[in-house]
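*Asks:* Data: protein-v7.pdb, PDB, C-alpha atoms.
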MODEL        1
ATOM      1  CA  MET O   1     200.396  -9.691  17.236
ATOM      2  CA  ASN O   2     202.547 -12.360  18.740
ATOM      3  CA  GLU O   3     203.857 -10.499  21.750
ATOM      4  CA  THR O   4     204.919 -13.614  23.578
ATOM      5  CA  ARG O   5     207.366 -14.698  20.923
ATOM      6  CA  THR O   6     210.860 -14.913  22.290
ATOM      7  CA  PRO O   7     213.001 -12.171  20.866
ATOM      8  CA  PRO O   8     215.482 -13.584  18.401
ATOM      9  CA  SER O   9     218.983 -13.735  19.680
ATOM     10  CA  LEU O  10     221.508 -11.201  18.534
ATOM     11  CA  GLY O  11     223.213 -12.125  15.352
ATOM     12  CA  SER O  12     220.248 -14.021  13.940
ATOM     13  CA  ALA O  13     219.348 -11.281  11.494
ATOM     14  CA  ARG O  14     218.107 -13.798   8.995
ATOM     15  CA  ALA O  15     215.640 -15.294  11.416
ATOM     16  CA  THR O  16     214.370 -11.828  12.372
ATOM     17  CA  SER O  17     213.703 -10.629   8.877
ATOM     18  CA  VAL O  18     212.165 -13.782   7.544
ATOM     19  CA  ALA O  19     209.968 -14.158  10.610
ATOM     20  CA  ALA O  20     208.784 -10.576  10.149
ATOM     21  CA  LEU O  21     207.463 -11.401   6.697
ATOM     22  CA  ASP O  22     204.390 -13.230   7.890
ATOM     23  CA  GLU O  23     201.413 -14.024   5.729
ATOM     24  CA  GLY O  24     199.342 -11.064   6.840
ATOM     25  CA  PHE O  25     202.086  -8.647   5.985
ATOM     26  CA  LEU O  26     202.795 -10.207   2.605
ATOM     27  CA  GLY O  27     199.103 -10.412   1.767
ATOM     28  CA  GLU O  28     198.539  -6.721   2.453
ATOM     29  CA  LEU O  29     201.712  -5.776   0.641
ATOM     30  CA  ARG O  30     200.676  -7.813  -2.363
ATOM     31  CA  ARG O  31     197.234  -6.182  -2.375
ATOM     32  CA  GLN O  32     198.783  -2.710  -2.442
ATOM     33  CA  MET O  33     201.249  -3.645  -5.142
ATOM     34  CA  LEU O  34     198.538  -5.142  -7.293
ATOM     35  CA  LYS O  35     196.298  -2.127  -6.921
ATOM     36  CA  PHE O  36     199.100   0.138  -7.989
ATOM     37  CA  ALA O  37     200.308  -1.993 -10.892
ATOM     38  CA  THR O  38     196.774  -2.522 -12.225
ATOM     39  CA  LEU O  39     196.079   1.183 -12.168
ATOM     40  CA  GLN O  40     199.247   1.853 -14.110
ATOM     41  CA  LEU O  41     199.148  -0.931 -16.648
ATOM     42  CA  SER O  42     195.361  -1.263 -17.017
ATOM     43  CA  ASP O  43     195.929  -4.931 -17.680
ATOM     44  CA  PRO O  44     195.342  -7.304 -14.744
ATOM     45  CA  GLN O  45     197.563 -10.030 -16.171
ATOM     46  CA  ALA O  46     200.512  -7.727 -16.812
ATOM     47  CA  ALA O  47     200.004  -6.273 -13.326
ATOM     48  CA  GLU O  48     199.953  -9.720 -11.766
ATOM     49  CA  ASP O  49     203.170 -10.644 -13.589
ATOM     50  CA  ALA O  50     204.960  -7.474 -12.520
ATOM     51  CA  VAL O  51     203.951  -7.980  -8.884
ATOM     52  CA  GLN O  52     204.957 -11.608  -8.949
ATOM     53  CA  GLU O  53     208.362 -10.842 -10.410
ATOM     54  CA  ALA O  54     208.979  -8.011  -7.985
ATOM     55  CA  LEU O  55     208.041 -10.159  -4.992
ATOM     56  CA  ALA O  56     210.092 -13.101  -6.183
ATOM     57  CA  GLY O  57     213.101 -10.858  -6.768
ATOM     58  CA  ALA O  58     212.797  -9.298  -3.346
ATOM     59  CA  MET O  59     212.192 -12.587  -1.515
ATOM     60  CA  LYS O  60     215.429 -13.948  -2.857
ATOM     61  CA  ASN O  61     217.175 -11.299  -0.856
ATOM     62  CA  ALA O  62     214.769 -11.252   2.071
ATOM     63  CA  SER O  63     217.505 -12.255   4.467
ATOM     64  CA  THR O  64     219.434  -9.081   3.790
ATOM     65  CA  PHE O  65     216.670  -6.793   5.047
ATOM     66  CA  ALA O  66     216.617  -5.581   8.584
ATOM     67  CA  GLY O  67     212.828  -5.667   8.754
ATOM     68  CA  ARG O  68     209.513  -5.012   7.155
ATOM     69  CA  SER O  69     209.969  -1.372   6.223
ATOM     70  CA  ALA O  70     213.195  -2.000   4.430
ATOM     71  CA  PHE O  71     211.646  -4.935   2.654
ATOM     72  CA  LYS O  72     208.609  -2.951   1.584
ATOM     73  CA  THR O  73     210.655  -0.044   0.317
ATOM     74  CA  TRP O  74     212.791  -2.425  -1.681
ATOM     75  CA  VAL O  75     209.961  -4.448  -3.164
ATOM     76  CA  PHE O  76     208.139  -1.272  -4.233
ATOM     77  CA  ALA O  77     211.312   0.069  -5.793
ATOM     78  CA  ILE O  78     211.544  -3.098  -7.881
ATOM     79  CA  LEU O  79     207.882  -2.895  -8.818
ATOM     80  CA  LYS O  80     208.184   0.756  -9.828
ATOM     81  CA  ASN O  81     211.022  -0.128 -12.176
ATOM     82  CA  LYS O  82     209.130  -3.045 -13.656
ATOM     83  CA  VAL O  83     206.044  -0.947 -14.284
ATOM     84  CA  ALA O  84     208.065   1.924 -15.716
ATOM     85  CA  ASP O  85     209.920  -0.467 -18.054
ATOM     86  CA  GLU O  86     206.679  -2.011 -19.183
ATOM     87  CA  LEU O  87     205.178   1.400 -19.908
ATOM     88  CA  ARG O  88     208.257   2.500 -21.835
ATOM     89  CA  ARG O  89     208.271  -0.759 -23.769
ATOM     90  CA  ARG O  90     204.681  -0.377 -24.787
ATOM     91  CA  GLN O  91     204.935   3.251 -25.800
ATOM     92  CA  ARG O  92     201.224   3.041 -25.750
ATOM     93  CA  LEU O  93     199.372   5.406 -27.952
ATOM     94  CA  VAL O  94     196.198   6.482 -26.336
ATOM     95  CA  GLU O  95     194.383   9.130 -28.219
ATOM     96  CA  ALA O  96     194.804  12.432 -26.486
ATOM     97  CA  SER O  97     191.182  13.254 -27.167
ATOM     98  CA  GLN O  98     190.182  10.144 -25.276
ATOM     99  CA  LEU O  99     192.397  11.064 -22.359
ATOM    100  CA  LEU O 100     190.899  14.495 -22.102
ATOM    101  CA  ARG O 101     187.296  13.666 -22.832
ATOM    102  CA  GLU O 102     186.516  12.092 -19.510
ATOM    103  CA  ASP O 103     187.028  15.324 -17.684
ATOM    104  CA  GLU O 104     185.817  17.867 -20.157
ATOM    105  CA  GLU O 105     184.090  20.814 -18.629
ATOM    106  CA  GLU O 106     184.872  19.691 -15.130
ATOM    107  CA  GLU O 107     186.657  22.930 -14.277
ATOM    108  CA  GLY O 108     183.230  24.535 -14.312
ATOM    109  CA  GLU O 109     182.710  22.706 -11.034
ATOM    110  CA  TRP O 110     185.235  24.920  -9.301
ATOM    111  CA  PHE O 111     185.455  28.216 -11.169
ATOM    112  CA  ASP O 112     182.957  30.750 -12.439
ATOM    113  CA  GLN O 113     182.877  32.070 -15.995
ATOM    114  CA  GLN O 114     185.698  34.510 -15.312
ATOM    115  CA  GLY O 115     187.818  31.755 -13.818
ATOM    116  CA  PHE O 116     187.489  32.800 -10.169
ATOM    117  CA  TRP O 117     186.634  30.390  -7.363
ATOM    118  CA  LEU O 118     182.967  29.700  -6.861
ATOM    119  CA  ALA O 119     182.244  30.790  -3.287
ATOM    120  CA  GLN O 120     181.624  27.290  -1.952
ATOM    121  CA  GLU O 121     184.672  25.863  -3.763
ATOM    122  CA  ARG O 122     187.265  28.322  -2.493
ATOM    123  CA  PRO O 123     190.016  26.326  -0.757
ATOM    124  CA  ARG O 124     190.032  26.732   3.015
ATOM    125  CA  THR O 125     192.909  26.459   5.405
ATOM    126  CA  TRP O 126     193.767  22.888   6.362
ATOM    127  CA  GLN O 127     194.349  22.516  10.073
ATOM    128  CA  ASP O 128     197.206  20.283  11.145
ATOM    129  CA  PRO O 129     198.105  18.348   8.022
ATOM    130  CA  GLU O 130     200.934  16.693   9.943
ATOM    131  CA  ASP O 131     198.398  15.494  12.473
ATOM    132  CA  ALA O 132     196.337  13.990   9.634
ATOM    133  CA  PHE O 133     199.417  12.210   8.262
ATOM    134  CA  GLN O 134     199.729  10.470  11.633
ATOM    135  CA  ASN O 135     196.152   9.255  11.567
ATOM    136  CA  ALA O 136     195.386   5.870  10.047
ATOM    137  CA  GLN O 137     191.874   6.964   9.086
ATOM    138  CA  PHE O 138     193.241   9.850   7.076
ATOM    139  CA  TRP O 139     195.062   7.383   4.844
ATOM    140  CA  GLN O 140     191.857   5.486   4.187
ATOM    141  CA  VAL O 141     190.280   8.751   3.066
ATOM    142  CA  PHE O 142     193.348   9.533   0.978
ATOM    143  CA  GLU O 143     193.155   6.168  -0.744
ATOM    144  CA  ALA O 144     189.433   6.618  -1.379
ATOM    145  CA  CYS O 145     190.099  10.061  -2.888
ATOM    146  CA  LEU O 146     192.770   8.626  -5.200
ATOM    147  CA  GLU O 147     190.328   5.957  -6.278
ATOM    148  CA  HIS O 148     187.677   8.540  -7.039
ATOM    149  CA  LEU O 149     189.840  10.358  -9.536
ATOM    150  CA  PRO O 150     188.785   9.717 -13.124
ATOM    151  CA  ALA O 151     190.834   6.674 -14.163
ATOM    152  CA  ARG O 152     193.164   8.368 -16.617
ATOM    153  CA  GLN O 153     193.787  11.325 -14.370
ATOM    154  CA  ALA O 154     194.694   8.935 -11.589
ATOM    155  CA  ARG O 155     197.055   7.110 -13.893
ATOM    156  CA  VAL O 156     198.878  10.226 -15.025
ATOM    157  CA  PHE O 157     199.035  11.577 -11.495
ATOM    158  CA  MET O 158     200.523   8.333 -10.145
ATOM    159  CA  MET O 159     202.996   8.080 -13.024
ATOM    160  CA  ARG O 160     204.232  11.526 -12.162
ATOM    161  CA  GLU O 161     204.046  11.498  -8.379
ATOM    162  CA  PHE O 162     204.598   7.886  -7.473
ATOM    163  CA  LEU O 163     206.654   6.407 -10.276
ATOM    164  CA  GLY O 164     208.501   9.708 -10.526
ATOM    165  CA  LEU O 165     208.512   9.554 -14.317
ATOM    166  CA  GLU O 166     209.561  12.745 -16.040
ATOM    167  CA  SER O 167     206.906  14.689 -17.919
ATOM    168  CA  HIS O 168     208.395  13.862 -21.320
ATOM    169  CA  GLU O 169     208.392  10.122 -20.513
ATOM    170  CA  ILE O 170     204.725  10.248 -19.591
ATOM    171  CA  CYS O 171     203.893  12.209 -22.732
ATOM    172  CA  THR O 172     205.761   9.710 -24.909
ATOM    173  CA  SER O 173     204.245   6.624 -23.348
ATOM    174  CA  LEU O 174     200.709   7.989 -23.535
ATOM    175  CA  GLY O 175     201.062   9.871 -26.786
ATOM    176  CA  ILE O 176     199.911  13.161 -25.323
ATOM    177  CA  THR O 177     201.329  16.675 -25.445
ATOM    178  CA  ALA O 178     202.870  18.493 -22.512
ATOM    179  CA  THR O 179     199.820  20.748 -22.501
ATOM    180  CA  ASN O 180     197.476  17.745 -22.183
ATOM    181  CA  LEU O 181     199.601  16.421 -19.364
ATOM    182  CA  ASN O 182     199.571  19.702 -17.489
ATOM    183  CA  VAL O 183     195.814  20.012 -17.850
ATOM    184  CA  MET O 184     195.319  16.520 -16.450
ATOM    185  CA  LEU O 185     197.716  17.028 -13.550
ATOM    186  CA  HIS O 186     196.089  20.364 -12.734
ATOM    187  CA  ARG O 187     192.659  18.725 -12.637
ATOM    188  CA  ALA O 188     193.866  15.749 -10.656
ATOM    189  CA  ARG O 189     195.371  18.073  -8.042
ATOM    190  CA  LEU O 190     192.232  20.235  -7.858
ATOM    191  CA  ARG O 191     190.085  17.153  -7.502
ATOM    192  CA  LEU O 192     192.230  15.495  -4.842
ATOM    193  CA  ARG O 193     192.480  18.728  -2.927
ATOM    194  CA  GLU O 194     188.734  19.125  -2.995
ATOM    195  CA  CYS O 195     188.117  15.536  -1.947
ATOM    196  CA  LEU O 196     190.505  15.715   1.009
ATOM    197  CA  GLU O 197     189.033  19.026   2.114
ATOM    198  CA  ASN O 198     185.461  17.756   1.948
ATOM    199  CA  ARG O 199     186.133  14.387   3.473
ATOM    200  CA  TRP O 200     188.726  15.238   6.040
ATOM    201  CA  PHE O 201     189.815  18.778   6.633
ATOM    202  CA  SER O 202     186.393  20.357   6.897
ATOM    203  CA  GLY O 203     185.606  18.211   9.903
ATOM    204  CA  GLY O 204     184.180  15.250   8.031
ATOM    205  CA  LYS O 205     186.316  12.859  10.044
ATOM    206  CA  PRO O 206     184.714   9.581  10.903
ATOM    207  CA  CYS O 207     184.152   9.399  14.640
TER     208      CYS O 207
ATOM    209  CA  MET K   1     195.554  39.920 -13.322
ATOM    210  CA  LEU K   2     195.429  36.118 -13.385
ATOM    211  CA  SER K   3     192.178  34.313 -12.734
ATOM    212  CA  CYS K   4     192.125  31.632 -10.040
ATOM    213  CA  ARG K   5     191.966  28.968 -12.735
ATOM    214  CA  GLU K   6     195.158  30.311 -14.329
ATOM    215  CA  ALA K   7     196.828  30.825 -10.961
ATOM    216  CA  THR K   8     196.186  27.244  -9.848
ATOM    217  CA  ARG K   9     197.302  25.995 -13.264
ATOM    218  CA  LEU K  10     200.636  27.767 -12.795
ATOM    219  CA  MET K  11     200.909  26.416  -9.244
ATOM    220  CA  SER K  12     200.412  22.927 -10.607
ATOM    221  CA  GLU K  13     202.919  23.489 -13.406
ATOM    222  CA  ALA K  14     205.423  24.840 -10.900
ATOM    223  CA  GLN K  15     205.739  21.208  -9.749
ATOM    224  CA  GLU K  16     206.679  20.155 -13.280
ATOM    225  CA  ARG K  17     208.977  22.927 -14.476
ATOM    226  CA  SER K  18     210.521  26.199 -13.305
ATOM    227  CA  LEU K  19     208.192  29.085 -13.923
ATOM    228  CA  SER K  20     209.439  32.104 -15.806
ATOM    229  CA  TRP K  21     210.133  35.311 -13.943
ATOM    230  CA  ARG K  22     206.989  36.834 -15.429
ATOM    231  CA  GLU K  23     204.844  33.877 -14.339
ATOM    232  CA  ARG K  24     206.259  33.981 -10.824
ATOM    233  CA  VAL K  25     205.522  37.682 -10.464
ATOM    234  CA  ALA K  26     201.980  37.249 -11.790
ATOM    235  CA  LEU K  27     201.420  34.395  -9.366
ATOM    236  CA  MET K  28     202.830  36.286  -6.400
ATOM    237  CA  PHE K  29     200.607  39.231  -7.209
ATOM    238  CA  HIS K  30     197.531  37.029  -7.434
ATOM    239  CA  ALA K  31     198.340  35.095  -4.271
ATOM    240  CA  MET K  32     198.744  38.324  -2.286
ATOM    241  CA  MET K  33     195.095  39.060  -2.899
ATOM    242  CA  CYS K  34     193.550  35.607  -2.981
ATOM    243  CA  SER K  35     193.417  33.457   0.127
ATOM    244  CA  GLY K  36     191.797  30.607  -1.797
ATOM    245  CA  CYS K  37     194.770  30.316  -4.116
ATOM    246  CA  ARG K  38     197.236  30.701  -1.244
ATOM    247  CA  ASN K  39     195.571  27.708   0.371
ATOM    248  CA  ALA K  40     195.543  25.793  -2.893
ATOM    249  CA  ARG K  41     199.264  26.362  -3.325
ATOM    250  CA  LYS K  42     200.045  24.937   0.134
ATOM    251  CA  GLN K  43     197.726  22.022  -0.542
ATOM    252  CA  PHE K  44     199.341  21.128  -3.858
ATOM    253  CA  LEU K  45     202.644  20.867  -2.019
ATOM    254  CA  LEU K  46     201.019  18.777   0.703
ATOM    255  CA  LEU K  47     199.615  16.417  -1.925
ATOM    256  CA  ARG K  48     203.111  15.675  -3.119
ATOM    257  CA  GLN K  49     204.259  14.998   0.442
ATOM    258  CA  ALA K  50     201.185  12.874   1.081
ATOM    259  CA  ILE K  51     201.693  10.650  -1.933
ATOM    260  CA  ARG K  52     205.265  10.008  -0.791
ATOM    261  CA  ARG K  53     204.067   9.094   2.670
ATOM    262  CA  TYR K  54     201.305   6.997   1.180
ATOM    263  CA  VAL K  55     203.747   4.663  -0.495
ATOM    264  CA  SER K  56     206.303   4.698   2.278
ATOM    265  CA  THR K  57     205.967   2.958   5.579
ATOM    266  CA  ASP K  58     206.157   6.243   7.406
ATOM    267  CA  ARG K  59     202.484   6.313   8.246
ATOM    268  CA  PRO K  60     200.268   4.487  10.681
ATOM    269  CA  ASN K  61     198.330   1.329   9.941
ATOM    270  CA  MET K  62     200.696   0.116   7.286
ATOM    271  CA  PRO K  63     202.388  -3.187   7.022
ATOM    272  CA  GLY K  64     205.884  -2.447   8.090
ATOM    273  CA  ALA K  65     204.905   0.482  10.276
ATOM    274  CA  LYS K  66     204.116  -1.590  13.345
TER     275      LYS K  66
ENDMDL
END
How would this structure read if it were set down as structure tokens?

*Replies:*
Amino acid sequence: MNETRTPPSLGSARATSVAALDEGFLGELRRQMLKFATLQLSDPQAAEDAVQEALAGAMKNASTFAGRSAFKTWVFAILKNKVADELRRRQRLVEASQLLREDEEEEGEWFDQQGFWLAQERPRTWQDPEDAFQNAQFWQVFEACLEHLPARQARVFMMREFLGLESHEICTSLGITATNLNVMLHRARLRLRECLENRWFSGGKPC
Amino acid sequence: MLSCREATRLMSEAQERSLSWRERVALMFHAMMCSGCRNARKQFLLLRQAIRRYVSTDRPNMPGAK
């Protein structure tokens, strides 16, 4: 961006890190945090509060970070804790039937009556996943696929995979059984897999 | 013999808990004969890696990755 800026002198770590946290960076970071917190808490105000607190907490110590990556990792760690605490505090009881209803019958999209892959749904080999991970466009597709999950599936999947909550914590906070949870995670994984295959790995890359 | 639905369910659950010896054998047997489920198993593991990358800065086009 600003290639002509004079490199900060050695020993001015504070200047380096604070300068690195420009508005563009913070804006994008905030957007990602908000998206994540809203998905998890399904309450825009609570999400906004959690993001604000996490950012404020991290900014206080901004000078101790060597750069943007360290700052981002830290601020997300704080946010994850805040969201997890909020979810534990709420111990929200969502009817299991409601959680499962949205994706009833959807397994019929992939499997035949005997439970074997429908010919056109059979997973293919993914070429060069590492290559995809290095491609910025792949991550746009990945984000779109996450967003296309049914809302509750996405929530459970992110609680498990991103927040790293244990299965029993998720079950308690949502009031569902381990079986419900496993069904939802199974479907979320099948759906994400399918989406990535269709939109990326089967040659659907944007040019 | 497991169906593909059951096999992928076990593959998904394998990320949540350790499978029993019986479940592992059934899965191995199924995977030997089913390329679709072999692919699905690799992809479930990749999904976990991807979500970690997604939230880290270790990917292109991210703030912090420049």

*Asks:* For a test of reading the model, state the distance in Å between atom CA of O:Thr179 and atom CA of O:Phe116, rounded to one decimal.

*Replies:* 21.2 Å

*Asks:* Which residues, named as in the file, does the ChimeraX specification (/K :<6) & /O pick out? Answer as a ChimeraX atom specification.

*Replies:* /O:25,68-69,115-116,122-123,125,136,186

*Asks:* Given the selection you just returned, output its residues as a file containing C-alpha atoms, formatted as a compact mmCIF listing (two decimals), in the coordinates of the input.

*Replies:*
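Final file, selection-v8.txt:
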# COMPACT_ATOMS: atom_id res chain seq x y z
CA PHE O 25 202.09 -8.65 5.98
CA ARG O 68 209.51 -5.01 7.16
CA SER O 69 209.97 -1.37 6.22
CA GLY O 115 187.82 31.76 -13.82
CA PHE O 116 187.49 32.80 -10.17
CA ARG O 122 187.26 28.32 -2.49
CA PRO O 123 190.02 26.33 -0.76
CA THR O 125 192.91 26.46 5.40
CA ALA O 136 195.39 5.87 10.05
CA HIS O 186 196.09 20.36 -12.73

*Asks:* At what distance in Å, to one decimal, does atom CA of O:Gly24 lie from atom CA of O:Leu41?

*Replies:* 25.6 Å

*Asks:* Would you work out the distance separating atom CA of O:Met184 from atom CA of K:Met1, expressed in Å to one decimal?

*Replies:*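 Straight-line distance from atom CA of O:Met184 to atom CA of K:Met1 works out to 23.6 Å.
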
*Asks:* Identify which of the residues O:Ala50, O:Val156, O:Trp74, O:Thr38 lies closest to O:Ala178, counting only C-alpha atoms when measuring atom-to-atom distances.

*Replies:*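 Under the stated criterion, the closest residue is O:Val156.
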
*Asks:* What box, with edges along x, y and z, holds each listed atom of stretch 28-40 of chain O when 5 Å is added on every side, and can you state its centre and edge lengths in Å to one decimal, as lines of an AutoDock Vina configuration file?

*Replies:*
center_x = 198.9
center_y = -3.0
center_z = -5.8
size_x = 15.6
size_y = 19.7
size_z = 26.6

*Asks:* Can you list, as a list in words, every protein, DNA or RNA residue that comes within 12 Å of O:Gln127 when you count all atoms listed in the file, leaving out same-chain residues fewer than 6 positions away?

*Replies:*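 Returned residues: Phe133, Leu196, Glu197, Trp200, Phe201, Ser202 and Gly203 of chain O; Asn39, Lys42 and Gln43 of chain K.
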